[in-house]
Every structure is written in structure tokens, then in C-alpha cells.
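K.L.:
mmCIF, C-alpha atoms, saved as upload37.cif, coming up:
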data_entry
#
loop_
_atom_site.label_atom_id
_atom_site.label_comp_id
_atom_site.auth_asym_id
_atom_site.auth_seq_id
_atom_site.Cartn_x
_atom_site.Cartn_y
_atom_site.Cartn_z
CA MET G 1 51.06 81.70 114.43
CA GLN G 2 52.16 79.76 117.47
CA GLU G 3 55.73 79.56 118.71
CA LEU G 4 57.22 76.25 119.59
CA ILE G 5 59.30 76.28 122.77
CA LEU G 6 61.70 73.48 123.47
CA ILE G 7 61.78 72.52 127.13
CA GLU G 8 64.65 70.53 128.51
CA PRO G 9 63.14 68.70 131.50
CA GLY G 10 66.41 67.28 132.78
CA GLY G 11 68.25 70.63 132.90
CA THR G 12 66.74 72.01 136.11
CA ALA G 13 66.86 68.67 137.86
CA ASN G 14 70.52 68.20 136.98
CA ALA G 15 71.38 71.59 138.39
CA GLU G 16 69.47 70.77 141.55
CA TRP G 17 71.28 67.46 141.98
CA ALA G 18 74.64 69.09 141.39
CA ARG G 19 73.87 71.69 144.03
CA GLU G 20 72.79 69.05 146.53
CA ALA G 21 75.89 66.99 145.88
CA GLU G 22 78.07 70.04 146.39
CA TRP G 23 76.25 70.85 149.62
CA ALA G 24 76.70 67.29 150.89
CA ALA G 25 80.44 67.48 150.15
CA VAL G 26 80.73 70.76 152.05
CA ARG G 27 78.87 69.29 155.00
CA ARG G 28 81.06 66.18 155.03
CA GLU G 29 84.25 68.24 154.94
CA PHE G 30 83.02 70.44 157.77
CA GLU G 31 82.06 67.47 159.93
CA GLU G 32 85.52 66.01 159.48
CA ARG G 33 86.97 69.19 160.93
CA LEU G 34 84.45 69.35 163.74
CA PRO G 35 86.24 67.58 166.66
CA ASP G 36 89.36 69.72 166.35
CA SER G 37 87.44 72.90 165.54
CA ALA G 38 84.97 72.47 168.37
CA ALA G 39 87.78 72.21 170.92
CA LEU G 40 89.45 75.32 169.53
CA ALA G 41 86.25 77.38 169.49
CA PHE G 42 85.32 76.24 172.97
CA ARG G 43 88.72 77.04 174.46
CA VAL G 44 88.89 80.47 172.93
CA ALA G 45 85.42 81.23 174.27
CA ARG G 46 86.27 79.69 177.64
CA GLY G 47 89.39 81.83 177.88
CA VAL G 48 87.30 84.96 177.46
CA LEU G 49 84.20 83.98 179.39
CA ARG G 50 85.71 81.66 182.04
CA ASN G 51 82.44 79.82 182.17
CA ASP G 52 81.84 76.40 180.61
CA ALA G 53 78.14 76.82 179.86
CA ASP G 54 78.55 80.19 178.15
CA ALA G 55 81.63 79.00 176.33
CA GLU G 56 79.74 76.00 174.98
CA ASP G 57 76.94 78.22 173.69
CA VAL G 58 79.41 80.56 172.04
CA ALA G 59 81.36 77.67 170.53
CA GLN G 60 78.19 76.22 169.04
CA GLU G 61 77.16 79.55 167.59
CA SER G 62 80.64 80.12 166.17
CA LEU G 63 80.70 76.71 164.50
CA LEU G 64 77.25 77.23 163.07
CA ARG G 65 78.19 80.58 161.61
CA ALA G 66 81.38 79.12 160.22
CA PHE G 67 79.40 76.29 158.64
CA ARG G 68 76.96 78.67 156.95
CA LYS G 69 79.80 80.42 155.15
CA PHE G 70 82.12 77.46 154.83
CA ASP G 71 81.42 76.94 151.13
CA ARG G 72 82.44 80.52 150.44
CA LEU G 73 85.76 80.17 152.23
CA ARG G 74 88.35 79.99 149.48
CA GLU G 75 91.41 79.15 151.57
CA ARG G 76 90.30 76.16 153.59
CA ASP G 77 93.61 75.99 155.45
CA ARG G 78 92.70 79.34 157.00
CA PHE G 79 89.61 77.83 158.58
CA ARG G 80 91.00 77.55 162.10
CA ALA G 81 92.19 81.16 162.10
CA TRP G 82 88.78 82.24 160.82
CA LEU G 83 87.01 80.22 163.51
CA VAL G 84 89.21 81.69 166.24
CA ARG G 85 88.21 85.19 165.20
CA ILE G 86 84.52 84.33 165.11
CA SER G 87 84.63 82.64 168.48
CA PHE G 88 86.67 85.39 170.11
CA ARG G 89 84.37 88.10 168.78
CA LEU G 90 81.22 86.30 169.87
CA ALA G 91 82.68 85.60 173.30
CA LEU G 92 83.55 89.26 173.75
CA ASP G 93 80.03 90.26 172.72
CA ARG G 94 78.57 87.92 175.26
CA LEU G 95 80.96 89.11 177.94
CA ARG G 96 79.85 92.67 177.38
CA SER G 97 76.26 91.83 177.99
CA ALA G 98 75.52 93.04 181.51
CA LYS G 99 72.83 90.46 182.14
CA ARG G 100 75.05 87.57 181.15
CA ARG G 101 77.87 89.02 183.18
CA GLU G 102 75.73 89.00 186.31
CA ALA G 103 74.64 85.40 185.77
CA ARG G 104 78.21 84.40 185.08
CA GLU G 105 79.45 86.01 188.28
CA ILE G 106 76.95 83.99 190.31
CA GLU G 107 77.85 80.80 188.49
CA TRP G 108 81.54 81.56 188.86
CA THR G 109 81.14 82.04 192.62
CA ARG G 110 79.37 78.71 192.95
CA GLU G 111 82.00 77.00 190.85
CA GLN G 112 84.74 78.49 192.96
CA GLU G 113 83.07 77.34 196.14
CA ARG G 114 82.85 73.81 194.75
CA SER G 115 86.44 73.65 193.57
CA HIS G 116 88.05 75.74 196.26
CA SER G 117 89.35 72.82 198.28
CA ALA G 118 90.87 71.16 195.25
CA SER G 119 92.47 74.30 193.96
CA SER G 120 95.98 74.76 195.14
CA ARG G 121 96.90 77.44 192.60
CA GLY G 122 96.65 80.89 194.08
CA SER G 123 93.82 82.41 195.94
CA ARG G 124 90.31 83.18 194.77
CA GLU G 125 91.03 86.86 195.16
CA PHE G 126 94.03 86.57 192.90
CA ARG G 127 91.94 84.91 190.22
CA GLN G 128 89.40 87.69 190.36
CA GLN G 129 92.12 90.30 190.03
CA LEU G 130 93.68 88.44 187.15
CA GLU G 131 90.38 88.16 185.32
CA ARG G 132 89.76 91.88 185.71
CA ALA G 133 93.26 92.58 184.44
CA MET G 134 92.66 90.28 181.48
CA GLU G 135 89.49 92.15 180.58
CA GLU G 136 91.43 95.39 180.53
CA LEU G 137 94.01 94.06 178.09
CA PRO G 138 93.81 95.21 174.47
CA GLU G 139 92.06 92.60 172.32
CA LYS G 140 95.13 91.75 170.24
CA LEU G 141 97.26 91.09 173.30
CA ARG G 142 94.49 89.16 174.96
CA LEU G 143 93.86 86.81 172.07
CA ALA G 144 97.57 86.17 171.57
CA LEU G 145 97.93 85.35 175.26
CA LEU G 146 94.90 83.04 175.24
CA LEU G 147 95.99 81.13 172.17
CA SER G 148 99.57 80.77 173.31
CA ALA G 149 98.38 79.48 176.69
CA MET G 150 96.38 76.71 175.05
CA GLU G 151 97.74 73.23 175.12
CA GLY G 152 99.60 72.20 172.02
CA HIS G 153 99.79 75.71 170.61
CA SER G 154 103.31 76.67 169.72
CA LEU G 155 104.19 80.24 168.88
CA GLU G 156 104.23 79.26 165.21
CA GLU G 157 100.73 77.86 165.37
CA THR G 158 99.47 80.90 167.25
CA ALA G 159 101.09 83.09 164.61
CA GLY G 160 99.28 81.07 161.94
CA LEU G 161 95.96 81.45 163.70
CA LEU G 162 96.43 85.18 164.05
CA SER G 163 97.93 85.63 160.58
CA VAL G 164 100.88 87.53 161.99
CA PRO G 165 104.63 86.78 162.15
CA VAL G 166 106.00 84.76 165.06
CA GLY G 167 107.90 87.81 166.30
CA THR G 168 104.65 89.71 166.60
CA VAL G 169 103.10 86.91 168.66
CA LYS G 170 106.14 86.84 170.95
CA SER G 171 105.95 90.58 171.39
CA ARG G 172 102.20 90.54 172.10
CA VAL G 173 102.48 87.73 174.63
CA PHE G 174 105.39 89.46 176.31
CA PHE G 175 103.59 92.79 176.66
CA ALA G 176 100.39 91.10 177.78
CA ARG G 177 102.21 89.24 180.55
CA LYS G 178 104.00 92.39 181.62
CA GLN G 179 100.77 94.35 181.83
CA LEU G 180 99.15 91.61 183.88
CA ALA G 181 102.15 91.45 186.19
CA GLU G 182 102.12 95.21 186.69
CA LYS G 183 98.50 95.09 187.82
CA LEU G 184 98.90 92.03 190.01
CA ARG G 185 102.30 92.58 191.54
CA CYS G 186 101.20 94.69 194.48
CA PHE G 187 98.31 92.36 195.10
CA VAL G 188 100.00 89.02 194.68
CA LYS G 189 102.91 89.42 197.07
CA PRO G 190 101.03 88.99 200.33
CA THR G 191 98.71 86.40 198.82
CA ILE G 192 101.32 84.18 197.26
CA ASN G 193 103.81 84.48 200.06
CA ARG G 194 101.18 83.58 202.58
CA MET O 195 113.76 94.60 195.06
CA PHE O 196 116.03 94.47 192.07
CA CYS O 197 119.24 96.38 191.78
CA GLU O 198 118.62 99.45 189.68
CA ALA O 199 121.02 98.42 186.93
CA TYR O 200 119.39 95.03 186.46
CA ASP O 201 115.78 95.88 187.28
CA GLN O 202 114.37 96.11 183.77
CA SER O 203 116.44 93.26 182.36
CA LEU O 204 115.39 90.85 185.11
CA ARG O 205 111.71 91.83 184.90
CA ASP O 206 111.75 91.36 181.13
CA ALA O 207 113.49 88.01 181.50
CA ALA O 208 110.83 86.83 183.93
CA ALA O 209 108.01 88.05 181.68
CA SER O 210 109.40 86.39 178.56
CA GLY O 211 110.09 83.13 180.39
CA GLU O 212 113.31 82.72 178.48
CA ALA O 213 116.63 81.64 179.99
CA LEU O 214 118.75 84.33 181.62
CA SER O 215 121.77 85.64 179.82
CA ALA O 216 125.22 84.88 181.26
CA THR O 217 125.55 88.38 182.73
CA LEU O 218 122.18 88.25 184.46
CA GLN O 219 122.83 84.71 185.69
CA GLN O 220 126.11 85.84 187.17
CA HIS O 221 124.43 88.77 188.92
CA ILE O 222 121.66 86.63 190.34
CA VAL O 223 124.16 84.28 191.85
CA SER O 224 126.06 87.10 193.47
CA CYS O 225 123.10 89.34 194.55
CA ASP O 226 120.72 88.01 197.21
CA ALA O 227 118.16 90.82 196.76
CA CYS O 228 117.90 90.30 193.03
CA ARG O 229 117.70 86.54 193.48
CA ALA O 230 114.79 86.91 195.88
CA ALA O 231 113.05 89.49 193.70
CA PHE O 232 113.51 87.34 190.63
CA ALA O 233 112.04 84.33 192.44
CA GLU O 234 109.01 86.44 193.41
CA GLU O 235 108.62 87.56 189.83
CA GLN O 236 108.75 83.99 188.59
CA THR O 237 106.15 82.98 191.17
CA LEU O 238 103.88 85.76 189.95
CA PHE O 239 104.12 84.64 186.34
CA ALA O 240 103.61 81.01 187.33
CA ALA O 241 100.40 82.03 189.09
CA ILE O 242 99.26 83.96 186.02
CA ASP O 243 100.06 81.02 183.75
CA SER O 244 98.21 78.61 186.00
CA VAL O 245 95.03 80.66 185.66
CA LEU O 246 95.51 81.07 181.92
CA HIS O 247 96.00 77.35 181.44
CA ALA O 248 92.66 76.77 183.12
CA ALA O 249 91.23 77.70 179.72
CA ASN O 250 92.45 74.29 178.54
CA SER O 251 89.61 72.61 180.31
CA GLU O 252 87.96 69.58 178.75
CA VAL O 253 85.56 70.25 175.95
CA PRO O 254 82.03 69.32 177.06
CA SER O 255 80.93 66.05 175.51
CA THR O 256 77.63 67.61 174.53
CA LEU O 257 79.16 70.26 172.30
CA ILE O 258 79.87 68.22 169.16
CA PRO O 259 76.48 66.43 169.12
CA ARG O 260 74.76 69.77 169.58
CA VAL O 261 76.66 71.25 166.66
CA ARG O 262 75.89 68.23 164.48
CA VAL O 263 72.19 68.58 165.18
CA ALA O 264 72.30 72.27 164.42
CA ILE O 265 74.15 71.65 161.15
CA ASN O 266 71.69 68.98 160.09
CA ASN O 267 68.85 71.39 160.70
CA GLU O 268 70.46 73.98 158.46
CA PRO O 269 68.65 74.20 155.11
CA ALA O 270 70.66 73.78 151.95
CA PRO O 271 71.41 77.10 150.30
CA GLN O 272 69.09 77.95 147.42
CA GLY O 273 70.39 78.88 144.00
CA ARG O 274 70.75 82.54 143.35
CA SER O 275 67.66 84.18 141.97
CA TYR O 276 68.61 85.49 138.56
CA SER O 277 65.34 87.36 138.22
CA PHE O 278 66.36 89.50 141.18
CA ILE O 279 69.72 90.20 139.57
CA ALA O 280 68.03 91.04 136.29
CA TRP O 281 65.59 93.43 137.98
CA SER O 282 68.36 95.08 139.94
CA SER O 283 70.45 95.58 136.80
CA ALA O 284 67.52 96.97 134.84
CA SER O 285 66.56 99.43 137.55
CA LEU O 286 70.17 100.54 137.89
CA LEU O 287 70.47 101.12 134.16
CA LEU O 288 67.22 103.07 134.08
CA THR O 289 68.32 105.28 136.96
CA ALA O 290 71.65 105.92 135.29
CA ALA O 291 69.92 106.82 132.03
CA ILE O 292 67.63 109.32 133.77
CA VAL O 293 70.51 110.91 135.63
CA LEU O 294 72.56 111.20 132.43
CA ALA O 295 69.64 112.69 130.53
CA VAL O 296 69.09 115.32 133.21
CA LEU O 297 72.78 116.15 133.41
CA TYR O 298 73.61 116.27 129.72
CA LEU O 299 70.42 117.66 128.17
CA PRO O 300 71.41 120.83 126.24
CA SER O 301 70.53 123.91 128.23
CA SER O 302 68.86 125.57 125.20
CA HIS O 303 66.22 122.80 125.19
CA ARG O 304 65.23 123.45 128.76
CA PRO O 305 62.64 126.27 129.03
CA THR O 306 63.04 128.60 131.97
CA LEU O 307 60.61 130.99 133.50
CA VAL O 308 61.66 134.59 133.75
CA VAL O 309 59.67 136.99 135.86
CA PRO O 310 60.37 140.60 134.99
CA SER O 311 61.18 142.85 137.93
CA ARG O 312 58.81 145.61 136.75
CA PRO O 313 56.01 145.75 134.27
CA PHE O 314 56.51 147.04 130.81
CA PRO O 315 56.25 150.84 130.46
CA ILE O 316 52.91 152.37 129.63
CA VAL O 317 53.25 154.24 126.46
CA ALA O 318 51.03 157.20 125.88
CA ALA O 319 52.40 159.46 123.27
CA LYS O 320 51.40 163.08 123.87
CA ASN O 321 52.49 164.58 120.73
CA SER O 322 53.88 163.62 117.50
CA GLN O 323 57.45 164.55 118.44
CA ASP O 324 57.49 162.35 121.51
CA ARG O 325 56.02 159.56 119.56
CA ALA O 326 58.64 159.97 116.97
CA LEU O 327 61.51 160.10 119.50
CA ASN O 328 60.19 157.29 121.66
CA PRO O 329 58.58 154.68 119.55
CA ALA O 330 56.92 152.29 121.93
CA PRO O 331 57.43 148.61 121.47
CA PRO O 332 54.22 146.92 120.45
CA SER O 333 54.42 144.46 123.33
CA GLY O 334 54.06 147.28 125.85
CA VAL O 335 50.43 147.79 124.89
CA SER O 336 49.40 144.34 125.90
CA ALA O 337 51.37 144.53 129.14
CA VAL O 338 49.25 147.43 130.39
CA GLN O 339 46.19 145.22 130.59
CA GLN O 340 47.87 142.61 132.77
CA LYS O 341 47.44 142.91 136.51
CA LYS O 342 49.72 140.00 137.37
CA PRO O 343 53.37 140.13 136.40
CA VAL O 344 54.02 138.96 132.94
CA ILE O 345 55.77 135.61 132.70
CA LEU O 346 57.87 135.15 129.68
CA VAL O 347 59.24 131.92 128.38
CA THR O 348 62.63 132.54 126.94
CA ASN O 349 65.54 130.57 125.71
CA ARG O 350 68.47 131.14 127.97
CA GLY O 351 71.07 130.33 125.40
CA LEU O 352 69.89 132.83 122.78
CA LYS O 353 70.99 136.43 122.86
CA PRO O 354 68.85 139.27 121.44
CA VAL O 355 70.12 140.06 118.02
CA THR O 356 69.33 143.21 116.10
CA PRO O 357 68.68 142.20 112.54
CA GLU O 358 70.78 143.84 109.89
CA VAL O 359 69.56 143.98 106.34
CA LEU O 360 71.89 144.95 103.63
CA VAL O 361 70.07 146.51 100.68
CA PRO O 362 71.25 148.48 97.70
CA PRO O 363 70.85 152.29 98.03
CA ASP O 364 68.08 152.50 95.46
CA GLU O 365 65.94 149.97 97.33
CA GLY O 366 66.42 151.61 100.75
CA ALA O 367 63.44 153.96 100.31
CA ALA O 368 61.15 151.12 99.35
CA LEU O 369 62.26 149.08 102.35
CA ALA O 370 61.59 152.01 104.69
CA ARG O 371 58.07 152.35 103.34
CA TYR O 372 57.47 148.65 103.85
CA GLU O 373 58.70 148.90 107.42
CA GLU O 374 56.27 151.75 108.10
CA PHE O 375 53.45 149.74 106.66
CA LEU O 376 54.25 146.81 108.92
CA ARG O 377 54.40 148.97 112.02
CA ARG O 378 51.00 150.54 111.32
CA LYS O 379 49.47 147.19 110.70
CA GLN O 380 50.90 145.78 113.96
CA ALA O 381 49.70 148.80 115.94
CA VAL O 382 46.18 148.46 114.60
CA VAL O 383 46.06 144.79 115.53
CA LEU O 384 47.30 145.49 119.07
CA ILE O 385 44.79 148.29 119.62
CA ALA O 386 42.00 146.04 118.43
CA SER O 387 43.08 143.28 120.78
CA ALA O 388 43.34 145.72 123.69
CA LYS O 389 39.75 146.83 123.16
CA SER O 390 38.51 143.29 123.15
CA ILE O 391 39.81 142.61 126.72
CA ASP O 392 37.25 143.07 129.49
CA LEU O 393 38.39 145.69 131.88
CA ARG O 394 37.41 145.95 135.48
CA PRO O 395 35.06 148.76 136.54
CA GLY O 396 36.89 151.91 137.46
CA ILE O 397 39.74 151.33 135.09
CA GLU O 398 39.55 153.34 131.97
CA PRO O 399 40.69 151.71 128.84
CA LEU O 400 43.94 152.89 127.49
CA GLN O 401 43.54 155.72 125.08
CA ILE O 402 46.05 155.75 122.36
CA ALA O 403 46.17 158.62 120.05
CA GLU O 404 46.35 158.10 116.39
CA ILE O 405 49.81 157.25 115.36
CA GLU O 406 51.57 159.79 113.34
CA PHE O 407 54.91 159.22 111.84
CA VAL O 408 57.35 161.99 111.22
CA ASP O 409 60.93 161.96 110.12
CA LEU O 410 63.56 162.06 112.79
CA LYS O 411 65.53 165.27 112.71
CA ILE O 412 69.03 165.00 114.02
CA PRO O 413 71.09 168.15 114.27
CA ALA O 414 74.36 168.21 112.42
CA LEU O 415 77.43 167.07 114.35
CA SER O 416 79.31 170.27 113.63
CA LYS O 417 76.64 172.26 115.53
CA TRP O 418 77.11 170.25 118.72
CA GLU O 419 80.87 170.56 118.49
CA SER O 420 80.65 174.33 118.17
CA GLU O 421 78.40 174.46 121.31
CA ASP O 422 80.93 172.44 123.29
CA ASP O 423 83.72 174.78 122.24
CA THR O 424 81.83 177.77 123.50
CA LYS O 425 81.33 176.14 126.90
#
Show this structure as C-alpha cells.
P.N.:
Amino acid sequence: MQELILIEPGGTANAEWAREAEWAAVRREFEERLPDSAALAFRVARGVLRNDADAEDVAQESLLRAFRKFDRLRERDRFRAWLVRISFRLALDRLRSAKRREAREIEWTREQERSHSASSRGSREFRQQLERAMEELPEKLRLALLLSAMEGHSLEETAGLLSVPVGTVKSRVFFARKQLAEKLRCFVKPTINR
Amino acid sequence: MFCEAYDQSLRDAAASGEALSATLQQHIVSCDACRAAFAEEQTLFAAIDSVLHAANSEVPSTLIPRVRVAINNEPAPQGRSYSFIAWSSASLLLTAAIVLAVLYLPSSHRPTLVVPSRPFPIVAAKNSQDRALNPAPPSGVSAVQQKKPVILVTNRGLKPVTPEVLVPPDEGAALARYEEFLRRKQAVVLIASAKSIDLRPGIEPLQIAEIEFVDLKIPALSKWESEDDTK
């Protein structure tokens, strides 16, 4: 005795179309956020790496990773904070790579040589010292300092990006600046007063 | 160099970038050293800020197009494979069932191997009295023929129980006779089976004398007590 099986041909196709429509909506929403998000990711990476080419690579990778998991992000208003963390983490990873560091140093030297005449803010030596001091900062202090130094970022916005109270951001920025000053004070006096 | 009393307050004020309090403002106006030190501190933080603000450089114009291309190249996510989920669930359930069966199987159903530390005693009754006082267990006869240690399969949960049979006094004699009959019959069977086993050269087969049963004579209790008193 044969069994009769009812096949619904439209069922699978409907599910496929629904999935594609959902995917297109996710993509559209992400692309709308892209100009603002790209600037944020790039600046966070640039603050860590101090190199435009590396920062651009890291920003692209961060945005791509964010896009892959964007549909699973429940709180869409937390997207910028999420992206900051991804970008910061990736930038730190790249900074720790010895090979990249070497290439960056060479590039940085060339860049400095090009822009040295135009730069009126402190000496090259001071910048190097400051960058070393920044690398020695704890990650929390460093990220708070970077975000608060960005254009258009108030303490409230930085607090939102870091998911911490405004008082915590103030405290982190304060201690970060103090630590930097402690390391640079002895060095900066003769340089700046020159 | 700051005055000692105002050192920390002025450094903190410079680091925070906030306006000076009235007290500190008043001191700065009146103290040349603190004013100069505070100006140096402010210069230091301005230099730090200038480097930090360099992070606000223009975003490269190539970044957004690059990201768009990368996003367009991303494949759409596929629907979850339910067959994988079904297989995973089934294998998990099976594993759990096996583990539970192993853990909760009653211990009496699990056979265990027990290796005796020494072989069973060889019984060779010399005379009728010894035989009567030391009746050998029938299993001892078969153990003599084994070269390897005997492996017994026992149930761990069961304890050896001596059977007790309650009979009326008039049937006791009949029961004793029946017990004797059974013992003789068992002994004959064991001897026959022992003879049928091939023995290695040089080993003589076990010689068992004919079994003779006598009544056990136990001295009266009063006799033992009187011996103890004399000692």
C-alpha cells in the first residue's frame, strides 16, 4: 500500500524570500549607519595605531565583523558602543604584532619628515614619548582618553559608548592625563620651553 | 615648583582642565612660583591634547567604498540546519541514557569476578574420625584438579545464608537419613568427575578413601566445666 505525501511547493520558496527580504533590510539599515560608523571606527583605530593606512584596514575589518553579526544585535542603539569595542580590540591586536609595528615605525618616520615643517605642536621627540606613554596606559583609561579627545564627543557620549556613568569617564580621563603628565613632565620642560 | 600646600590641588586642576576654585585662584595671583608652575603644567597638557586630537584626522575617502564592496561580497546567511540540531539532540539523549544506565543499574545485576587468594583445601581424610570431624565441602574435590586459580562468579549483593529447616521431632530422623543419602550421592558424582579429568604425567590422581559416616560424639558440658575448675 502506497502512502500519499502532500508537498507544499510554495512553502520553501516563501521562507527563502522572507529570509532574503530580512537580509536586505539588515543590509540597508547597516549602510545607513555606515558614514558615521566608519568615521568612529577609523578614529578609534587611528588613535591606537597612529597610522592612517593601518587604521583604515582595521576600520574596514571592524565594520565587516559588525555587519556579519548586525542582525543578531538586539539593541541597535548600542551599535556605536559595540563598534568602538571591536575597533579598539582589533587595533590593539594589530599594534601588538611586531612585524606591523616595525612597518608602522618606518611609515611614521617618513610621515613625520614630511609634516615636520608644518607641525608647530611640540617636538617629534615629545610625540614619540607621548605615544610610548599612551601604550603603557591601562586599556580602560586609554580608550576613555581617545574617545573623549575625539571631535564632537562629549563626556556623556563617551560614557554612552563605554556603557559607564559620566563620573567614571571623568575619572578615567583625569587619571589617564595625570599618568601621561607624570611620564612626560621631566621630558617636556626643556623641549617646550625651548 | 608649586608651594607644598597647593601642589596637589594645582596639579589636579591642571589635569582636569576645570576652572580653578576661588582659593586656588587667589593663591595663583599672589604666588609667582605657583603661577609659573601652573602655566608650565597647562602647557604640558595642551601639548598632550594636541597630539591626542591628531586622532581626529580626516577619514580616508576610500574607506566607505571599500566597506560597501566588502559588504556586498558577503553571502547571505543560510537558514539553520535543523537536521544538525536533530542529530545533536539525538546523540545527546543517547549519551545521557547510557550514562544513566551505567550509573543506576542495580549492583546485584552486575556480575563481578572474584579471584580467591588461595586454592581450596585438599581434603584427604585419613580415618573415619577425621572425616567425621572435618567433613570436606564437595567443591574442594574439583578445586584440586585446577592448576590455575579458580575464578568464581558471585553476586556481590547476596550474603551466604545457612538454610534452616524447621521439622517436627518425629520427622527429624527421616530428614537426617535423607541428608546422608544426598551427601553420598554428591560425593560419588564428584569422584566420578574427578577420574574423568586428564591429569598430567607425574601427578597422581587424588585418592579418596571410601566415605564412612559416623555419629559425632560431643562430650557433655558438665565434664568440660569440671576440668576447668580443676585447672
K.L.:
Please write the residues picked by the PyMOL selection byres ((chain O and resi 213-224) around 12) on this file as a VMD selection string.
P.N.:
chain O and resid 196 to 197 199 to 212 225 to 233 236
K.L.:
If you keep C-alpha atoms, can you produce a file of those selected residues as a PDB file, in the coordinates of the input?
P.N.:
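Resulting contents of again-v2.pdb:
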ATOM      1  CA  PHE O 196     116.030  94.470 192.070  1.00  0.00           C
ATOM      2  CA  CYS O 197     119.240  96.380 191.780  1.00  0.00           C
ATOM      3  CA  ALA O 199     121.020  98.420 186.930  1.00  0.00           C
ATOM      4  CA  TYR O 200     119.390  95.030 186.460  1.00  0.00           C
ATOM      5  CA  ASP O 201     115.780  95.880 187.280  1.00  0.00           C
ATOM      6  CA  GLN O 202     114.370  96.110 183.770  1.00  0.00           C
ATOM      7  CA  SER O 203     116.440  93.260 182.360  1.00  0.00           C
ATOM      8  CA  LEU O 204     115.390  90.850 185.110  1.00  0.00           C
ATOM      9  CA  ARG O 205     111.710  91.830 184.900  1.00  0.00           C
ATOM     10  CA  ASP O 206     111.750  91.360 181.130  1.00  0.00           C
ATOM     11  CA  ALA O 207     113.490  88.010 181.500  1.00  0.00           C
ATOM     12  CA  ALA O 208     110.830  86.830 183.930  1.00  0.00           C
ATOM     13  CA  ALA O 209     108.010  88.050 181.680  1.00  0.00           C
ATOM     14  CA  SER O 210     109.400  86.390 178.560  1.00  0.00           C
ATOM     15  CA  GLY O 211     110.090  83.130 180.390  1.00  0.00           C
ATOM     16  CA  GLU O 212     113.310  82.720 178.480  1.00  0.00           C
ATOM     17  CA  CYS O 225     123.100  89.340 194.550  1.00  0.00           C
ATOM     18  CA  ASP O 226     120.720  88.010 197.210  1.00  0.00           C
ATOM     19  CA  ALA O 227     118.160  90.820 196.760  1.00  0.00           C
ATOM     20  CA  CYS O 228     117.900  90.300 193.030  1.00  0.00           C
ATOM     21  CA  ARG O 229     117.700  86.540 193.480  1.00  0.00           C
ATOM     22  CA  ALA O 230     114.790  86.910 195.880  1.00  0.00           C
ATOM     23  CA  ALA O 231     113.050  89.490 193.700  1.00  0.00           C
ATOM     24  CA  PHE O 232     113.510  87.340 190.630  1.00  0.00           C
ATOM     25  CA  ALA O 233     112.040  84.330 192.440  1.00  0.00           C
ATOM     26  CA  GLN O 236     108.750  83.990 188.590  1.00  0.00           C
TER      27      GLN O 236
END
K.L.:
Just how far from atom CA of G:Leu162 is atom CA of G:Trp82, in Å to one decimal?
P.N.:
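Straight-line distance from atom CA of G:Trp82 to atom CA of G:Leu162 works out to 8.8 Å.
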K.L.:
Taking 5 positions as the minimum chain separation for residues in the same chain, which residues sit within 8 Å of stretch 150-157 of chain G when counting all atoms listed in the file? Answer as a list of chain:residue names.
P.N.:
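Everything that qualifies: G:Arg43, G:Val166, G:Val169, G:Lys170, O:His247, O:Ala249, O:Asn250.
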K.L.:
If the PyMOL selection byres ((chain G and resi 85) around 12) were run on this exact file, what residues would it hold? Put them as a PyMOL selection string.
P.N.:
chain G and resi 40-41+44-45+59+62-63+65-66+78-84+86-92+139-140+143-144+147+161-163
K.L.:
Contacts from chain G to chain O, 6 Å maximum, all atoms listed in the file: show me the residue list as a VMD selection string.
P.N.:
chain G and resid 39 43 46 to 47 60 149 to 150 174 178
K.L.:
Any idea what the distance is between atom CA of G:Glu61 and atom CA of G:Phe42?
P.N.:
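Computing it gives 10.3 Å between the two atoms.
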K.L.:
Give the centre and edge lengths of an axis-aligned box, in Å to one decimal, that holds all listed atoms of stretch 408-412 of chain O with 6 Å on each side, as AutoDock Vina command-line options.
P.N.:
--center_x 63.2 --center_y 163.6 --center_z 112.1 --size_x 23.7 --size_y 15.3 --size_z 15.9
K.L.:
Please compute the atom CA of O:Ala284-atom CA of G:Asn14 distance, one decimal, in Å.
P.N.:
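Computing it gives 29.0 Å between the two atoms.
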K.L.:
When you look at G:Ala176 with a cut-off of 10 Å (counting only C-alpha atoms), what residues show up, excluding the ones that are within fewer than 3 positions of it in the same chain? I need them as a PDB file with C-alpha atoms, keeping the file's coordinate frame.
P.N.:
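Result saved to selection28.pdb:
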ATOM      1  CA  ALA G 133      93.260  92.580 184.440  1.00  0.00           C
ATOM      2  CA  MET G 134      92.660  90.280 181.480  1.00  0.00           C
ATOM      3  CA  LEU G 137      94.010  94.060 178.090  1.00  0.00           C
ATOM      4  CA  PRO G 138      93.810  95.210 174.470  1.00  0.00           C
ATOM      5  CA  LYS G 140      95.130  91.750 170.240  1.00  0.00           C
ATOM      6  CA  LEU G 141      97.260  91.090 173.300  1.00  0.00           C
ATOM      7  CA  ARG G 142      94.490  89.160 174.960  1.00  0.00           C
ATOM      8  CA  LEU G 143      93.860  86.810 172.070  1.00  0.00           C
ATOM      9  CA  ALA G 144      97.570  86.170 171.570  1.00  0.00           C
ATOM     10  CA  LEU G 145      97.930  85.350 175.260  1.00  0.00           C
ATOM     11  CA  LYS G 170     106.140  86.840 170.950  1.00  0.00           C
ATOM     12  CA  SER G 171     105.950  90.580 171.390  1.00  0.00           C
ATOM     13  CA  ARG G 172     102.200  90.540 172.100  1.00  0.00           C
ATOM     14  CA  VAL G 173     102.480  87.730 174.630  1.00  0.00           C
ATOM     15  CA  GLN G 179     100.770  94.350 181.830  1.00  0.00           C
ATOM     16  CA  LEU G 180      99.150  91.610 183.880  1.00  0.00           C
ATOM     17  CA  ALA G 181     102.150  91.450 186.190  1.00  0.00           C
ATOM     18  CA  GLU G 182     102.120  95.210 186.690  1.00  0.00           C
TER      19      GLU G 182
ATOM     20  CA  ALA O 209     108.010  88.050 181.680  1.00  0.00           C
TER      21      ALA O 209
END
K.L.:
Return the single residue from G:Glu125, G:Glu75, G:Glu131, G:Glu56 that is closest to G:Arg94, with distances computed using only C-alpha atoms.
P.N.:
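Between G:Glu125, G:Glu75, G:Glu131, G:Glu56, the residue approaching G:Arg94 most closely is G:Glu56.
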